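Engineer: Structure incoming, see below.
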Amino acid sequence: MSTKKIKLQSSDGEVFVVKIVCVLARVIDYCKDRSYFSPERLQFWETAFWRVHHSTLVALANAANYLEIPSLLDTTCDRLAEIITDSEDDEQVRLILGIDDSKEEKETTDKKRKKNQSEKNQHTDPPVIPVYMCFPFGDFPEGEIQNYKDDNLWRTTSEEKRELERLQKPIYNSVRQAAEVHRQVRKYMRSIVEPGMLLTDICETLEITARTLISEKGLKAGIAFPTGCSLNRVAAHWTPNSGDKTVLQYDDVMKLDFGTHIDGHIIDSAFTVAFNPTYEPLLAASREATYTGIKESGIDARLCDVAASIEEVMKSYEVEINGKVFGVKSIQNLNVYSLRPYQRYAMKSIQTRMEEGEYYGIQAFGSTGKGYVREDLECSHYMKKSHIGHINLALPRAEQLLATINNKFSTLAFCRRDLDRIGETNYLGGLKTLCDVGFVQPYPPLCDVKGSYVSQFAHTVLLRPTCKEVVSKGDDY
């Protein structure tokens with residue numbers, strides 16, 4: 001692969017390096033063994049691999065030719081030939097192949113590329129470029145900034161508080177990296193989820209995408225907890241166990257809740273998918289209530305006041321379903337929670353106020369039912385407790401499973417599909433033992449009454465010393 005050919009893709013040195021790395025990463029991915037893939041998974045991979053910009057196809061063809069990979073070269077050339085055949089004129093063909101005779105036009109293009117460097121590099125469909133490659137200087141974008149008010153307004157200009165933030169910059173940057181992954185994954189998922197899809201396929205597609213974008217690396221970076229895809233009356237903590245054949249329907253209300261983390265710093269954000277416009281007022285209630293909860297959050301804010309503000313907005317909405325009008329109720333026992341390294345639910349037992357430097361999940365669940373959830377249905381979510389003593393386990397399988405959980409998940413939540421994915425088998429007995437002795441906490445699905453519908457939106461908020469940052473905020477919500 002000649003340097004001249006590659007430089008057709010970019011004239012900027014840094015972008016050039018990123019482009020080369022991305023192309024080589026795709027070549028390596030192509031050469032991996034996929035003989036064990038199911039037909040459905042192989043089809044998904046092929047669709048994701050080839051759904052790229054024509055400039056990437058040209059670079060792949062150059063790489064395949066230089067590295068002598070005939071199958072990749074043939075397939076890439078076939079796809080380029082199809083694009084060229086559909087081209088309208090010679091000028092368009094030259095553009096596809098990166099042939100530019102005009103130096104003046106090339107300089108103009110280079111300036112535009114420099115101006116939009118990160119944007120050009122990070123958006124593919126589906127997203128397959130690890131997020132860290134899209135930001136060569138390692139600075140990830142801030143979330144939405146909201147200033148404190150009233151008694152905390154002084155923090156905005158306090159030099160002492162600014163210095164505290166400067167000391168925390170590396171941690172903030174890790175959190176923002178996880179947040180950028182979350183934004184890209186959910187943007188992609190919102191574009192592909194449709195009625196008729198298996199919930200298992202939805203979850204696995206999301207998880208594969210998240211692992212790719214975050215460059216999963218053991219406990220250093222990865223998925224923070226199981227993908228929740230709770231339907232209708234189920235508010236939270238439901239993900240399909242292996243073999244589940246549940247299909248998403250047009251009239252379903254699905255809460256898609258997932259998390260990412262870097263070094264245990266968790267980004268937790270959720271949204272609701274509903275295809276039937278009948279449910280839009282229900283979704284709007286949760287969305288606006290979440291925004292209000294975020295607005296009311298702050299250092300020394302009382303948790304009960306944040307919950308009350310969410311409820312106040314929620315009860316102002318109503319939704320008509322099959323000719324019957326329902327007032328939207330805020331689910332009383334699902335509200336604000338604290339996020340700490342490797343722990344999703346880390347609220348102090350006596351905590352009544354929000355604290356400086358803490359991360360919080362601000363969520364709002366709107367329901368057409370009782371507005372109160374209880375545990376129901378088969379359990380899929382589990383999490384090892386953070387502080388446990390030593391107990392001699394009578395069941396060797398339980399001892400071995402605990403070692404696996406410590407090594408793979410630590411105190412991050414996991415599900416049965418996660419155990420299946422890492423090769424664990426016949427683990428249900430051992431898992432039950434760990435739950436019975438108190439080493440592992442099961443989290444069964446949380447459900448309102450039958451026949452009800454629940455919607456959810458959630459964001460991660462960081463109470464910085466000088467301001468409030470909605471870290472997971474994006475263009476979508």
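Identifiers in the structure tokens: chain A, B, ... in order shown; residue index from 1 per chain; ligand index from 1 in order shown.
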Within 12 Å of segment 306-315 of chain A, which residues of segment 366-463 of chain A show up? Give each one with its shortest atom-to-atom distance in Å (one decimal) and the two atoms involved, counting only C-alpha atoms, rows by chain then rising residue number, as CSV.

Structural biologist:
residue,atom,partner,partner_atom,distance
A:Gly366,CA,A:Met314,CA,6.6
A:Ser367,CA,A:Met314,CA,9.1
A:Thr368,CA,A:Lys315,CA,10.6
A:Gly371,CA,A:Glu311,CA,10.3
A:Ser455,CA,A:Met314,CA,11.1
A:Gln456,CA,A:Met314,CA,11.4
A:Phe457,CA,A:Ile310,CA,11.5
A:Ala458,CA,A:Ile310,CA,11.8

Engineer: Could you please write out, as a PyMOL selection string, every residue of segment 155-275 of chain A that DSSP assigns to strand (DSSP E or B)?

Structural biologist: chain A and resi 198+217+221-231+234-236+247+253-262+265-274

Engineer: For the atom pair atom CA of Tyr132 of chain A and atom CA of Val461 of chain A, what is the interatomic distance in Å to one decimal place?

Structural biologist: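 Computing it gives 22.0 Å between the two atoms.
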
Engineer: Could you write out, as a short mmCIF file (atom, residue, chain, number, x, y, z; two decimals) with C-alpha atoms, in the first residue's frame, all the residues of segment 144-269 of chain A that DSSP marks as helix (DSSP H, G or I)?

Structural biologist:
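Everything below was put into part.cif:
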data_model
loop_
_atom_site.label_atom_id
_atom_site.label_comp_id
_atom_site.auth_asym_id
_atom_site.auth_seq_id
_atom_site.Cartn_x
_atom_site.Cartn_y
_atom_site.Cartn_z
CA ASP A 150 -28.88 30.54 44.92
CA ASP A 151 -26.54 29.59 47.78
CA ASN A 152 -24.15 27.75 45.45
CA LEU A 153 -23.81 30.48 42.81
CA TRP A 154 -20.45 31.56 44.28
CA ARG A 155 -18.90 28.28 43.19
CA THR A 156 -18.94 29.35 39.54
CA THR A 157 -16.12 31.87 40.05
CA GLU A 159 -10.61 29.85 42.20
CA GLU A 160 -10.31 27.22 44.93
CA LYS A 161 -13.09 25.13 43.37
CA ARG A 162 -11.58 25.54 39.92
CA GLU A 163 -8.30 24.14 41.23
CA LEU A 164 -10.16 21.13 42.64
CA GLU A 165 -11.60 20.50 39.17
CA ARG A 166 -8.18 20.74 37.54
CA LEU A 167 -6.95 17.99 39.83
CA LYS A 169 -9.44 16.38 35.03
CA PRO A 170 -8.08 12.87 34.21
CA ILE A 171 -11.06 11.24 35.92
CA TYR A 172 -13.51 13.63 34.25
CA ASN A 173 -11.95 12.77 30.90
CA SER A 174 -12.43 9.03 31.47
CA VAL A 175 -16.06 9.62 32.37
CA ARG A 176 -16.57 11.71 29.22
CA GLN A 177 -15.02 8.98 27.09
CA ALA A 178 -17.54 6.48 28.46
CA ALA A 179 -20.29 9.04 27.86
CA GLU A 180 -19.27 9.54 24.21
CA VAL A 181 -19.43 5.78 23.70
CA HIS A 182 -22.91 5.76 25.22
CA ARG A 183 -24.09 8.56 22.90
CA GLN A 184 -22.81 6.86 19.76
CA VAL A 185 -24.23 3.46 20.72
CA ARG A 186 -27.68 4.73 21.57
CA LYS A 187 -27.80 6.89 18.43
CA TYR A 188 -27.13 3.78 16.36
CA MET A 189 -29.62 1.65 18.28
CA ARG A 190 -32.38 4.23 17.91
CA SER A 191 -31.85 4.07 14.15
CA ILE A 192 -32.16 0.28 13.81
CA LEU A 199 -35.03 -8.70 22.21
CA THR A 200 -31.99 -10.95 22.41
CA ASP A 201 -30.76 -9.61 19.06
CA ILE A 202 -31.34 -6.02 20.19
CA CYS A 203 -29.31 -6.55 23.36
CA GLU A 204 -26.48 -8.42 21.67
CA THR A 205 -26.23 -5.86 18.86
CA LEU A 206 -26.04 -3.06 21.43
CA GLU A 207 -23.46 -4.89 23.52
CA ILE A 208 -21.22 -5.77 20.57
CA THR A 209 -21.29 -2.14 19.45
CA ALA A 210 -20.54 -0.84 22.95
CA ARG A 211 -17.64 -3.25 23.44
CA THR A 212 -16.18 -2.23 20.11
CA LEU A 213 -16.44 1.53 20.66
#

Engineer: Leaving out segment 245-256 of chain A and any residue of its chain fewer than 4 positions from it, which residues lie within 10 Å of it when counting only C-alpha atoms, given as a count of residues only?

Structural biologist: 49

Engineer: Out of A:Val131, A:Cys467, A:His53, A:Leu24, which residue has the shortest atom-to-atom distance to Ile83 of chain A when counting only C-alpha atoms?

Structural biologist: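 Distance minimum relative to Ile83 of chain A lands on A:His53.
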
Engineer: Please list as a ChimeraX atom specification every residue within 9 Å of Ile388 of chain A, counting only C-alpha atoms and excluding residues in the same chain fewer than 3 positions away.

Structural biologist: /A:384-385,391,438-439

Engineer: Point out the residue among A:Ile262, A:Leu80, A:Tyr30, A:Phe44 with the least atom-to-atom distance to Val58 of chain A, counting only C-alpha atoms.

Structural biologist: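 Among the listed residues, A:Leu80 lies closest to Val58 of chain A.
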
Engineer: Just give me the gap between atom CA of Lys32 of chain A and atom CA of Trp45 of chain A in Å, one decimal is fine.

Structural biologist: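 According to the coordinates, atom CA of Lys32 of chain A and atom CA of Trp45 of chain A are separated by 11.7 Å.
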